[in-house]
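Visitor: The structure's right below; bear with me while I get my questions together.
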Amino acid sequence: MKDTLKLAKHLAGLGYGSRKEVAIAIRDGRVTGEGEGLRFDGEPIDPPHGLVVMLNKPAGFTCSHADQGRLVYELLPPRFEKRDPKLSSVGRLDADTTGLLLFTDDGTLLHKLISPKSNLPKTYEARLARPLEGHEAALFASGTLVLRGEEKPCLPARLEVNGTHTASLTLTEGRYHQVRRMFAAAGNHVEALHRSRFGPMELGGLAEGDWRLLDPAESAALRA
Ligand code: URA
């Protein structure tokens, strides 16, 4: 009985339901295995701390717990919203931007990843309204590009031109609307933006709207 109460408390803290709901699930045999092999309805139980989730964000979802409209958290299982400590997005993508977005409940990791000192490369695929002119890569790499309304120049960023209207831009900063504002400063306009890489993580074959947990090796690579 004591063990069941302990297990119910543990699972409730991971968002699997209220203590009562979880106790009923245990009674009904929906919780199997033990220790690291614990399963709920046959699926491995989420790790208790240090959860890191990767989402391929579709357009039209906001990175916020509170905004109006559709939120990225709706794309994750409801149990993640009930976890304590809470799961937060690692930085933000604009509502119109698609691609790689991480979430974690690990505050130390979160601050490390979003710190301006982290220097983590982030790669964005941009589709542009006008043809690239050829001067953009040098401008973005120069370390002298000052965005409108700012004083401090952007750190050097790497542009790879993929087509007349398409390019990949790798930044180590995360200023507000940075990619869109950099192309605006170069006289262009971003029509579509997709993040394909965040530090050591790439989206791989994760379909739009899908999420997955990072495995321990991937989480360790992010913490390194
Ligand atoms: N830069 C942008 O302009 N938007 C994003 O969502 C991310 C980077």
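In the structure tokens, the first chain shown is A, the next is B, and so on; residue numbers restart at 1 for each chain, and ligands run from 1 in the order shown.
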For the alpha helix (DSSP H) assignment from backbone DSSP, which residues of range 11-222 of chain A qualify? Please present them as number ranges by chain.

Guide: A: 11-13, 19-27, 78-81, 107-114, 136-141, 178-185, 216-222

Visitor: Give the residues close to ligand 1, within 6 Å, counting only C-alpha atoms and all ligand atoms; write them as a list in words.

Guide: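 Counting only what the definition allows, namely only C-alpha atoms and all ligand atoms, the set is Leu93, Asp94, Thr97, His177, Gln178, Val179 and Arg180 of chain A.
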
Visitor: Go ahead and save the residues from that selection, with N, CA, C and O atoms, as a CSV table (one decimal), in the first residue's frame.

Guide:
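Printed below is part-v5.csv as written:
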chain,number,residue,atom,x,y,z
A,93,LEU,N,10.6,30.6,-31.1
A,93,LEU,CA,10.5,30.8,-32.6
A,93,LEU,C,9.3,31.7,-32.8
A,93,LEU,O,8.3,31.5,-32.1
A,94,ASP,N,9.4,32.5,-33.8
A,94,ASP,CA,8.2,33.3,-34.2
A,94,ASP,C,7.0,32.4,-34.5
A,94,ASP,O,7.3,31.3,-35.0
A,97,THR,N,7.5,30.9,-37.9
A,97,THR,CA,8.7,30.1,-38.1
A,97,THR,C,8.4,28.7,-37.8
A,97,THR,O,7.8,28.4,-36.8
A,177,HIS,N,13.6,38.4,-33.6
A,177,HIS,CA,13.4,38.4,-35.1
A,177,HIS,C,14.7,38.6,-35.8
A,177,HIS,O,14.7,39.2,-36.9
A,178,GLN,N,15.7,38.0,-35.3
A,178,GLN,CA,17.1,38.3,-35.9
A,178,GLN,C,17.2,38.0,-37.3
A,178,GLN,O,17.8,38.9,-38.1
A,179,VAL,N,16.8,36.8,-37.8
A,179,VAL,CA,17.0,36.5,-39.2
A,179,VAL,C,16.2,37.4,-40.1
A,179,VAL,O,16.8,37.9,-41.1
A,180,ARG,N,15.0,37.6,-39.7
A,180,ARG,CA,14.1,38.5,-40.6
A,180,ARG,C,14.7,39.9,-40.6
A,180,ARG,O,14.8,40.5,-41.7

Visitor: As a list in words, please: the residues near Glu173 in chain A (cut-off 10 Å, only C-alpha atoms, same-chain neighbours under 5 positions excluded).

Guide: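 Final neighbour list, sorted by chain and number: Ile114, Ser115, Pro116, Lys117, Ser118, Asn119, Leu120, Pro121, Lys122, Cys154, Leu155, Pro156, Ala157 and Gln178 of chain A.
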
Visitor: Go ahead and write the residues just picked, all heavy atoms, as an mmCIF file, in the first residue's frame.

Guide:
data_model
loop_
_atom_site.group_PDB
_atom_site.id
_atom_site.type_symbol
_atom_site.label_atom_id
_atom_site.label_comp_id
_atom_site.auth_asym_id
_atom_site.auth_seq_id
_atom_site.Cartn_x
_atom_site.Cartn_y
_atom_site.Cartn_z
ATOM 1 N N ILE A 114 20.177 29.240 -23.496
ATOM 2 C CA ILE A 114 19.711 30.531 -24.029
ATOM 3 C C ILE A 114 20.650 31.680 -23.665
ATOM 4 O O ILE A 114 20.440 32.797 -24.126
ATOM 5 C CB ILE A 114 18.250 30.859 -23.615
ATOM 6 C CG1 ILE A 114 18.121 31.002 -22.104
ATOM 7 C CG2 ILE A 114 17.275 29.836 -24.159
ATOM 8 C CD1 ILE A 114 16.710 31.402 -21.670
ATOM 9 N N SER A 115 21.681 31.397 -22.873
ATOM 10 C CA SER A 115 22.597 32.464 -22.484
ATOM 11 C C SER A 115 23.321 33.028 -23.716
ATOM 12 O O SER A 115 23.764 32.275 -24.583
ATOM 13 C CB SER A 115 23.636 31.900 -21.509
ATOM 14 O OG SER A 115 24.776 32.705 -21.534
ATOM 15 N N PRO A 116 23.458 34.357 -23.784
ATOM 16 C CA PRO A 116 24.206 34.941 -24.902
ATOM 17 C C PRO A 116 25.644 34.414 -24.946
ATOM 18 O O PRO A 116 26.278 34.431 -25.996
ATOM 19 C CB PRO A 116 24.195 36.439 -24.610
ATOM 20 C CG PRO A 116 23.110 36.644 -23.608
ATOM 21 C CD PRO A 116 22.946 35.349 -22.859
ATOM 22 N N LYS A 117 26.114 33.906 -23.804
ATOM 23 C CA LYS A 117 27.499 33.404 -23.782
ATOM 24 C C LYS A 117 27.612 31.996 -24.382
ATOM 25 O O LYS A 117 28.717 31.509 -24.585
ATOM 26 C CB LYS A 117 28.005 33.349 -22.336
ATOM 27 C CG LYS A 117 28.253 34.707 -21.741
ATOM 28 C CD LYS A 117 28.966 34.579 -20.400
ATOM 29 C CE LYS A 117 28.499 35.643 -19.434
ATOM 30 N NZ LYS A 117 28.053 35.124 -18.152
ATOM 31 N N SER A 118 26.474 31.342 -24.621
ATOM 32 C CA SER A 118 26.541 29.935 -25.043
ATOM 33 C C SER A 118 27.179 29.787 -26.420
ATOM 34 O O SER A 118 27.800 28.765 -26.703
ATOM 35 C CB SER A 118 25.157 29.304 -25.053
ATOM 36 O OG SER A 118 24.455 29.709 -26.208
ATOM 37 N N ASN A 119 27.001 30.808 -27.288
ATOM 38 C CA ASN A 119 27.577 30.750 -28.638
ATOM 39 C C ASN A 119 27.162 29.523 -29.442
ATOM 40 O O ASN A 119 27.897 29.080 -30.310
ATOM 41 C CB ASN A 119 29.114 30.764 -28.567
ATOM 42 C CG ASN A 119 29.625 32.185 -28.631
ATOM 43 O OD1 ASN A 119 28.985 33.044 -29.241
ATOM 44 N ND2 ASN A 119 30.740 32.449 -27.987
ATOM 45 N N LEU A 120 25.999 28.972 -29.126
ATOM 46 C CA LEU A 120 25.555 27.774 -29.842
ATOM 47 C C LEU A 120 25.121 28.141 -31.251
ATOM 48 O O LEU A 120 24.315 29.066 -31.428
ATOM 49 C CB LEU A 120 24.340 27.173 -29.146
ATOM 50 C CG LEU A 120 24.555 26.220 -27.991
ATOM 51 C CD1 LEU A 120 23.209 25.692 -27.529
ATOM 52 C CD2 LEU A 120 25.463 25.083 -28.404
ATOM 53 N N PRO A 121 25.606 27.424 -32.274
ATOM 54 C CA PRO A 121 25.146 27.726 -33.625
ATOM 55 C C PRO A 121 23.695 27.284 -33.836
ATOM 56 O O PRO A 121 23.302 26.207 -33.389
ATOM 57 C CB PRO A 121 26.102 26.918 -34.522
ATOM 58 C CG PRO A 121 26.671 25.863 -33.654
ATOM 59 C CD PRO A 121 26.603 26.337 -32.232
ATOM 60 N N LYS A 122 22.936 28.139 -34.484
ATOM 61 C CA LYS A 122 21.561 27.807 -34.839
ATOM 62 C C LYS A 122 21.433 28.068 -36.341
ATOM 63 O O LYS A 122 21.831 29.141 -36.800
ATOM 64 C CB LYS A 122 20.570 28.700 -34.076
ATOM 65 C CG LYS A 122 20.409 28.268 -32.629
ATOM 66 C CD LYS A 122 20.188 29.396 -31.674
ATOM 67 C CE LYS A 122 21.496 30.008 -31.290
ATOM 68 N NZ LYS A 122 21.554 30.798 -30.073
ATOM 69 N N CYS A 154 25.752 42.855 -34.966
ATOM 70 C CA CYS A 154 25.542 41.404 -34.866
ATOM 71 C C CYS A 154 26.892 40.702 -34.945
ATOM 72 O O CYS A 154 27.774 41.118 -35.704
ATOM 73 C CB CYS A 154 24.703 40.907 -36.040
ATOM 74 S SG CYS A 154 23.023 41.504 -36.040
ATOM 75 N N LEU A 155 27.021 39.614 -34.195
ATOM 76 C CA LEU A 155 28.233 38.797 -34.317
ATOM 77 C C LEU A 155 28.271 38.204 -35.722
ATOM 78 O O LEU A 155 27.218 38.016 -36.351
ATOM 79 C CB LEU A 155 28.204 37.662 -33.287
ATOM 80 C CG LEU A 155 28.404 38.069 -31.831
ATOM 81 C CD1 LEU A 155 28.245 36.851 -30.922
ATOM 82 C CD2 LEU A 155 29.784 38.706 -31.634
ATOM 83 N N PRO A 156 29.469 37.889 -36.213
ATOM 84 C CA PRO A 156 29.555 37.307 -37.560
ATOM 85 C C PRO A 156 28.658 36.073 -37.686
ATOM 86 O O PRO A 156 28.592 35.235 -36.771
ATOM 87 C CB PRO A 156 31.041 36.923 -37.680
ATOM 88 C CG PRO A 156 31.748 37.841 -36.730
ATOM 89 C CD PRO A 156 30.797 38.070 -35.596
ATOM 90 N N ALA A 157 27.960 35.975 -38.820
ATOM 91 C CA ALA A 157 27.063 34.849 -39.089
ATOM 92 C C ALA A 157 27.406 34.300 -40.474
ATOM 93 O O ALA A 157 27.875 35.042 -41.343
ATOM 94 C CB ALA A 157 25.618 35.321 -39.042
ATOM 95 N N GLN A 178 15.750 37.994 -35.310
ATOM 96 C CA GLN A 178 17.068 38.342 -35.855
ATOM 97 C C GLN A 178 17.234 38.026 -37.346
ATOM 98 O O GLN A 178 17.752 38.854 -38.103
ATOM 99 C CB GLN A 178 18.181 37.637 -35.052
ATOM 100 C CG GLN A 178 19.568 38.068 -35.546
ATOM 101 C CD GLN A 178 20.673 37.734 -34.581
ATOM 102 O OE1 GLN A 178 20.406 37.310 -33.459
ATOM 103 N NE2 GLN A 178 21.899 37.924 -35.005
#

Visitor: Nearest residue to Glu74 in chain A out of A:Asp215, A:Asp46, A:Glu202, A:Asp210, using only C-alpha atoms?

Guide: A:Asp210

Visitor: Rank A:Gly149, A:Gly50, A:Gly42, A:Gly37 by their smallest atom-to-atom distance to Arg83 in chain A, using only C-alpha atoms, and report the top residue only.

Guide: A:Gly50

Visitor: Neighbours of Leu222 in chain A within 8 Å (only C-alpha atoms; same-chain residues fewer than 6 positions away dropped), as a count of residues only?

Guide: 3

Visitor: I'd like the interatomic distance between CA of Gly17 in chain A and CA of Pro78 in chain A, to a tenth of an Å.

Guide: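 Computing the Euclidean distance for CA of Gly17 in chain A and CA of Pro78 in chain A yields 9.7 Å.
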
Visitor: Using only C-alpha atoms, which of the listed residues (A:Ala23, A:Ala207, A:Val52, A:Val190) sits closest to Gly107 in chain A?

Guide: A:Val52

Visitor: Counting only C-alpha atoms, which residues of range 53-95 of chain A sit at most 10 Å from some atom of range 100-105 of chain A, and what is each one's closest atom pair with its distance in Å to one decimal, listed by chain and rising residue number, as JSON lines?

Guide:
{"residue": "A:Val53", "atom": "CA", "partner": "A:Phe103", "partner_atom": "CA", "distance": 5.1}
{"residue": "A:Met54", "atom": "CA", "partner": "A:Leu102", "partner_atom": "CA", "distance": 4.6}
{"residue": "A:Leu55", "atom": "CA", "partner": "A:Leu101", "partner_atom": "CA", "distance": 5.2}
{"residue": "A:Asn56", "atom": "CA", "partner": "A:Leu100", "partner_atom": "CA", "distance": 5.0}
{"residue": "A:Lys57", "atom": "CA", "partner": "A:Leu100", "partner_atom": "CA", "distance": 6.4}
{"residue": "A:Pro58", "atom": "CA", "partner": "A:Leu100", "partner_atom": "CA", "distance": 9.6}
{"residue": "A:Cys63", "atom": "CA", "partner": "A:Leu101", "partner_atom": "CA", "distance": 9.3}
{"residue": "A:Val72", "atom": "CA", "partner": "A:Leu101", "partner_atom": "CA", "distance": 9.4}
{"residue": "A:Tyr73", "atom": "CA", "partner": "A:Phe103", "partner_atom": "CA", "distance": 9.6}
{"residue": "A:Phe80", "atom": "CA", "partner": "A:Asp105", "partner_atom": "CA", "distance": 9.4}
{"residue": "A:Arg83", "atom": "CA", "partner": "A:Asp105", "partner_atom": "CA", "distance": 8.4}
{"residue": "A:Asp84", "atom": "CA", "partner": "A:Asp105", "partner_atom": "CA", "distance": 8.1}
{"residue": "A:Pro85", "atom": "CA", "partner": "A:Asp105", "partner_atom": "CA", "distance": 5.9}
{"residue": "A:Lys86", "atom": "CA", "partner": "A:Asp105", "partner_atom": "CA", "distance": 5.5}
{"residue": "A:Leu87", "atom": "CA", "partner": "A:Asp105", "partner_atom": "CA", "distance": 4.3}
{"residue": "A:Ser88", "atom": "CA", "partner": "A:Phe103", "partner_atom": "CA", "distance": 5.3}
{"residue": "A:Ser89", "atom": "CA", "partner": "A:Phe103", "partner_atom": "CA", "distance": 4.2}
{"residue": "A:Val90", "atom": "CA", "partner": "A:Phe103", "partner_atom": "CA", "distance": 5.4}
{"residue": "A:Gly91", "atom": "CA", "partner": "A:Leu101", "partner_atom": "CA", "distance": 8.2}
{"residue": "A:Arg92", "atom": "CA", "partner": "A:Leu101", "partner_atom": "CA", "distance": 7.6}
{"residue": "A:Leu93", "atom": "CA", "partner": "A:Leu101", "partner_atom": "CA", "distance": 7.4}

Visitor: List as an mmCIF file with all heavy atoms, in the first residue's frame the protein and nucleic acid residues near range 133-142 of chain A, meaning an atom at most 10 Å away when only C-alpha atoms are counted, but skip any in the same chain fewer than 6 places from it.

Guide:
data_model
loop_
_atom_site.group_PDB
_atom_site.id
_atom_site.type_symbol
_atom_site.label_atom_id
_atom_site.label_comp_id
_atom_site.auth_asym_id
_atom_site.auth_seq_id
_atom_site.Cartn_x
_atom_site.Cartn_y
_atom_site.Cartn_z
ATOM 1 N N PRO A 153 26.680 45.779 -32.998
ATOM 2 C CA PRO A 153 26.596 45.000 -34.241
ATOM 3 C C PRO A 153 26.342 43.515 -33.977
ATOM 4 O O PRO A 153 26.695 43.000 -32.919
ATOM 5 C CB PRO A 153 27.975 45.204 -34.902
ATOM 6 C CG PRO A 153 28.852 45.818 -33.894
ATOM 7 C CD PRO A 153 28.006 46.360 -32.769
ATOM 8 N N CYS A 154 25.752 42.855 -34.966
ATOM 9 C CA CYS A 154 25.542 41.404 -34.866
ATOM 10 C C CYS A 154 26.892 40.702 -34.945
ATOM 11 O O CYS A 154 27.774 41.118 -35.704
ATOM 12 C CB CYS A 154 24.703 40.907 -36.040
ATOM 13 S SG CYS A 154 23.023 41.504 -36.040
ATOM 14 N N LEU A 155 27.021 39.614 -34.195
ATOM 15 C CA LEU A 155 28.233 38.797 -34.317
ATOM 16 C C LEU A 155 28.271 38.204 -35.722
ATOM 17 O O LEU A 155 27.218 38.016 -36.351
ATOM 18 C CB LEU A 155 28.204 37.662 -33.287
ATOM 19 C CG LEU A 155 28.404 38.069 -31.831
ATOM 20 C CD1 LEU A 155 28.245 36.851 -30.922
ATOM 21 C CD2 LEU A 155 29.784 38.706 -31.634
ATOM 22 N N PRO A 156 29.469 37.889 -36.213
ATOM 23 C CA PRO A 156 29.555 37.307 -37.560
ATOM 24 C C PRO A 156 28.658 36.073 -37.686
ATOM 25 O O PRO A 156 28.592 35.235 -36.771
ATOM 26 C CB PRO A 156 31.041 36.923 -37.680
ATOM 27 C CG PRO A 156 31.748 37.841 -36.730
ATOM 28 C CD PRO A 156 30.797 38.070 -35.596
ATOM 29 N N ALA A 157 27.960 35.975 -38.820
ATOM 30 C CA ALA A 157 27.063 34.849 -39.089
ATOM 31 C C ALA A 157 27.406 34.300 -40.474
ATOM 32 O O ALA A 157 27.875 35.042 -41.343
ATOM 33 C CB ALA A 157 25.618 35.321 -39.042
ATOM 34 N N ARG A 158 27.161 32.985 -40.652
ATOM 35 C CA ARG A 158 27.555 32.354 -41.920
ATOM 36 C C ARG A 158 26.347 32.136 -42.826
ATOM 37 O O ARG A 158 25.372 31.505 -42.419
ATOM 38 C CB ARG A 158 28.239 31.015 -41.637
ATOM 39 C CG ARG A 158 29.036 30.501 -42.825
ATOM 40 C CD ARG A 158 29.768 29.211 -42.550
ATOM 41 N NE ARG A 158 28.873 28.075 -42.471
ATOM 42 C CZ ARG A 158 28.686 27.342 -41.394
ATOM 43 N NH1 ARG A 158 29.334 27.618 -40.283
ATOM 44 N NH2 ARG A 158 27.843 26.325 -41.408
ATOM 45 N N LEU A 159 26.429 32.678 -44.038
ATOM 46 C CA LEU A 159 25.339 32.504 -45.007
ATOM 47 C C LEU A 159 25.801 31.566 -46.109
ATOM 48 O O LEU A 159 26.867 31.748 -46.686
ATOM 49 C CB LEU A 159 24.970 33.854 -45.631
ATOM 50 C CG LEU A 159 23.751 33.794 -46.554
ATOM 51 C CD1 LEU A 159 22.467 33.706 -45.745
ATOM 52 C CD2 LEU A 159 23.700 34.986 -47.500
ATOM 53 N N GLU A 160 24.960 30.552 -46.387
ATOM 54 C CA GLU A 160 25.206 29.679 -47.542
ATOM 55 C C GLU A 160 24.042 29.875 -48.485
ATOM 56 O O GLU A 160 22.895 29.650 -48.111
ATOM 57 C CB GLU A 160 25.203 28.218 -47.107
ATOM 58 C CG GLU A 160 26.564 27.636 -46.837
ATOM 59 C CD GLU A 160 26.424 26.211 -46.328
ATOM 60 O OE1 GLU A 160 25.854 25.366 -47.049
ATOM 61 O OE2 GLU A 160 26.844 25.987 -45.180
ATOM 62 N N VAL A 161 24.374 30.296 -49.714
ATOM 63 C CA VAL A 161 23.312 30.535 -50.690
ATOM 64 C C VAL A 161 22.979 29.205 -51.355
ATOM 65 O O VAL A 161 23.861 28.495 -51.829
ATOM 66 C CB VAL A 161 23.779 31.594 -51.717
ATOM 67 C CG1 VAL A 161 22.756 31.754 -52.827
ATOM 68 C CG2 VAL A 161 24.032 32.921 -51.011
ATOM 69 N N THR A 164 18.412 31.052 -55.957
ATOM 70 C CA THR A 164 18.256 32.498 -56.168
ATOM 71 C C THR A 164 17.531 33.153 -54.992
ATOM 72 O O THR A 164 17.838 34.280 -54.612
ATOM 73 C CB THR A 164 17.458 32.803 -57.459
ATOM 74 O OG1 THR A 164 16.217 32.088 -57.376
ATOM 75 C CG2 THR A 164 18.225 32.398 -58.706
ATOM 76 N N HIS A 165 16.569 32.411 -54.396
ATOM 77 C CA HIS A 165 15.744 32.971 -53.320
ATOM 78 C C HIS A 165 15.854 32.179 -52.017
ATOM 79 O O HIS A 165 14.991 32.320 -51.147
ATOM 80 C CB HIS A 165 14.274 32.982 -53.735
ATOM 81 C CG HIS A 165 13.947 33.930 -54.838
ATOM 82 N ND1 HIS A 165 14.370 33.741 -56.124
ATOM 83 C CD2 HIS A 165 13.240 35.091 -54.838
ATOM 84 C CE1 HIS A 165 13.927 34.732 -56.881
ATOM 85 N NE2 HIS A 165 13.243 35.566 -56.125
ATOM 86 N N ALA A 167 18.463 30.448 -48.836
ATOM 87 C CA ALA A 167 19.784 30.447 -48.198
ATOM 88 C C ALA A 167 19.673 29.880 -46.794
ATOM 89 O O ALA A 167 18.607 29.919 -46.178
ATOM 90 C CB ALA A 167 20.323 31.873 -48.140
ATOM 91 N N LEU A 169 21.264 30.304 -42.997
ATOM 92 C CA LEU A 169 22.010 31.287 -42.199
ATOM 93 C C LEU A 169 22.279 30.674 -40.829
ATOM 94 O O LEU A 169 21.357 30.227 -40.150
ATOM 95 C CB LEU A 169 21.187 32.570 -42.066
ATOM 96 C CG LEU A 169 21.814 33.704 -41.254
ATOM 97 C CD1 LEU A 169 23.145 34.158 -41.855
ATOM 98 C CD2 LEU A 169 20.861 34.905 -41.183
ATOM 99 N N THR A 170 23.554 30.656 -40.429
ATOM 100 C CA THR A 170 23.925 30.115 -39.114
ATOM 101 C C THR A 170 24.386 31.253 -38.214
ATOM 102 O O THR A 170 25.335 31.975 -38.531
ATOM 103 C CB THR A 170 25.027 29.043 -39.258
ATOM 104 O OG1 THR A 170 24.532 28.002 -40.096
ATOM 105 C CG2 THR A 170 25.402 28.456 -37.903
ATOM 106 N N LEU A 171 23.660 31.399 -37.097
ATOM 107 C CA LEU A 171 23.918 32.471 -36.122
ATOM 108 C C LEU A 171 24.350 31.860 -34.804
ATOM 109 O O LEU A 171 23.956 30.747 -34.489
ATOM 110 C CB LEU A 171 22.613 33.194 -35.757
ATOM 111 C CG LEU A 171 21.661 33.695 -36.770
ATOM 112 C CD1 LEU A 171 20.445 34.228 -36.039
ATOM 113 C CD2 LEU A 171 22.337 34.792 -37.542
ATOM 114 N N MET A 182 17.919 40.744 -40.183
ATOM 115 C CA MET A 182 19.189 40.771 -40.920
ATOM 116 C C MET A 182 18.921 40.849 -42.426
ATOM 117 O O MET A 182 19.554 41.625 -43.134
ATOM 118 C CB MET A 182 20.048 39.541 -40.584
ATOM 119 C CG MET A 182 20.668 39.631 -39.199
ATOM 120 S SD MET A 182 21.517 38.123 -38.676
ATOM 121 C CE MET A 182 22.980 38.175 -39.699
ATOM 122 N N PHE A 183 17.967 40.032 -42.895
ATOM 123 C CA PHE A 183 17.661 40.107 -44.334
ATOM 124 C C PHE A 183 17.015 41.451 -44.683
ATOM 125 O O PHE A 183 17.242 41.983 -45.772
ATOM 126 C CB PHE A 183 16.791 38.928 -44.761
ATOM 127 C CG PHE A 183 17.592 37.671 -45.009
ATOM 128 C CD1 PHE A 183 17.564 36.619 -44.111
ATOM 129 C CD2 PHE A 183 18.410 37.561 -46.129
ATOM 130 C CE1 PHE A 183 18.318 35.462 -44.323
ATOM 131 C CE2 PHE A 183 19.171 36.419 -46.359
ATOM 132 C CZ PHE A 183 19.124 35.367 -45.448
ATOM 133 N N ALA A 185 17.790 44.250 -43.329
ATOM 134 C CA ALA A 185 18.917 45.188 -43.393
ATOM 135 C C ALA A 185 19.681 45.032 -44.707
ATOM 136 O O ALA A 185 20.360 45.965 -45.159
ATOM 137 C CB ALA A 185 19.855 44.955 -42.212
ATOM 138 N N ALA A 186 19.574 43.840 -45.322
ATOM 139 C CA ALA A 186 20.250 43.609 -46.607
ATOM 140 C C ALA A 186 19.308 43.926 -47.771
ATOM 141 O O ALA A 186 19.605 43.590 -48.921
ATOM 142 C CB ALA A 186 20.723 42.161 -46.683
ATOM 143 N N GLY A 187 18.154 44.531 -47.480
ATOM 144 C CA GLY A 187 17.234 44.968 -48.547
ATOM 145 C C GLY A 187 16.315 43.867 -49.040
ATOM 146 O O GLY A 187 15.746 43.976 -50.122
ATOM 147 N N ASN A 188 16.166 42.784 -48.294
ATOM 148 C CA ASN A 188 15.308 41.684 -48.735
ATOM 149 C C ASN A 188 14.191 41.476 -47.722
ATOM 150 O O ASN A 188 14.067 42.225 -46.746
ATOM 151 C CB ASN A 188 16.153 40.421 -48.936
ATOM 152 C CG ASN A 188 15.617 39.553 -50.062
ATOM 153 O OD1 ASN A 188 14.410 39.412 -50.222
ATOM 154 N ND2 ASN A 188 16.519 38.986 -50.847
#

Visitor: Need the shell around Leu11 in chain A: protein/DNA/RNA residues with any atom at most 12 Å away, counting only C-alpha atoms. Skip same-chain ones fewer than 3 positions apart. Format as number ranges by chain?

Guide: A: 4-8, 14-26, 31, 38-40, 44-48, 79-80, 82-84

Visitor: Of the candidates A:Lys9, A:Asp67, A:Ala129, A:Leu113, which shows the shortest atom-to-atom distance to Gly174 in chain A, using only C-alpha atoms?

Guide: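 The shortest atom-to-atom distance to Gly174 in chain A comes from A:Leu113.
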
Visitor: From the set A:Gly99, A:Lys152, A:Arg181, A:Leu145, which residue has the shortest atom-to-atom contact distance to Gly204 in chain A, counting only C-alpha atoms?

Guide: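 Result for the nearest residue to Gly204 in chain A: A:Gly99.
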
Visitor: Enumerate the residues of range 6-175 of chain A with a DSSP assignment of strand (DSSP E or B), computed from the backbone, and present them as a VMD selection string.

Guide: chain A and resid 31 to 32 39 to 40 43 to 44 52 to 57 62 71 88 to 89 98 to 104 122 to 128 158 to 161 166 to 171

Visitor: For the residues selected in the previous step, produce a file with C-alpha atoms as a short mmCIF file (atom, residue, chain, number, x, y, z; two decimals), in the first residue's frame.

Guide:
data_model
loop_
_atom_site.label_atom_id
_atom_site.label_comp_id
_atom_site.auth_asym_id
_atom_site.auth_seq_id
_atom_site.Cartn_x
_atom_site.Cartn_y
_atom_site.Cartn_z
CA VAL A 31 1.40 0.57 -14.73
CA THR A 32 3.90 -2.24 -15.27
CA ARG A 39 5.71 1.69 -18.10
CA PHE A 40 2.31 3.40 -18.31
CA GLU A 43 4.98 3.19 -22.89
CA PRO A 44 8.17 3.99 -20.94
CA VAL A 52 14.47 17.33 -23.06
CA VAL A 53 11.94 17.26 -25.88
CA MET A 54 12.42 18.15 -29.54
CA LEU A 55 9.46 19.43 -31.57
CA ASN A 56 9.25 20.13 -35.30
CA LYS A 57 7.14 23.25 -34.89
CA THR A 62 3.13 30.65 -30.43
CA LEU A 71 0.32 27.50 -28.35
CA SER A 88 9.61 25.51 -21.02
CA SER A 89 10.67 26.16 -24.58
CA THR A 98 8.80 26.35 -38.41
CA GLY A 99 11.32 23.74 -37.32
CA LEU A 100 13.48 22.67 -34.43
CA LEU A 101 12.31 23.78 -31.01
CA LEU A 102 13.56 22.24 -27.78
CA PHE A 103 11.79 22.12 -24.42
CA THR A 104 13.18 21.22 -21.02
CA LYS A 122 21.56 27.81 -34.84
CA THR A 123 20.84 27.27 -38.54
CA TYR A 124 17.83 28.73 -40.34
CA GLU A 125 16.62 28.04 -43.87
CA ALA A 126 15.15 31.20 -45.36
CA ARG A 127 12.99 31.69 -48.45
CA LEU A 128 13.25 35.25 -49.68
CA ARG A 158 27.56 32.35 -41.92
CA LEU A 159 25.34 32.50 -45.01
CA GLU A 160 25.21 29.68 -47.54
CA VAL A 161 23.31 30.53 -50.69
CA THR A 166 16.93 30.47 -50.71
CA ALA A 167 19.78 30.45 -48.20
CA SER A 168 20.89 28.89 -44.90
CA LEU A 169 22.01 31.29 -42.20
CA THR A 170 23.92 30.12 -39.11
CA LEU A 171 23.92 32.47 -36.12
#
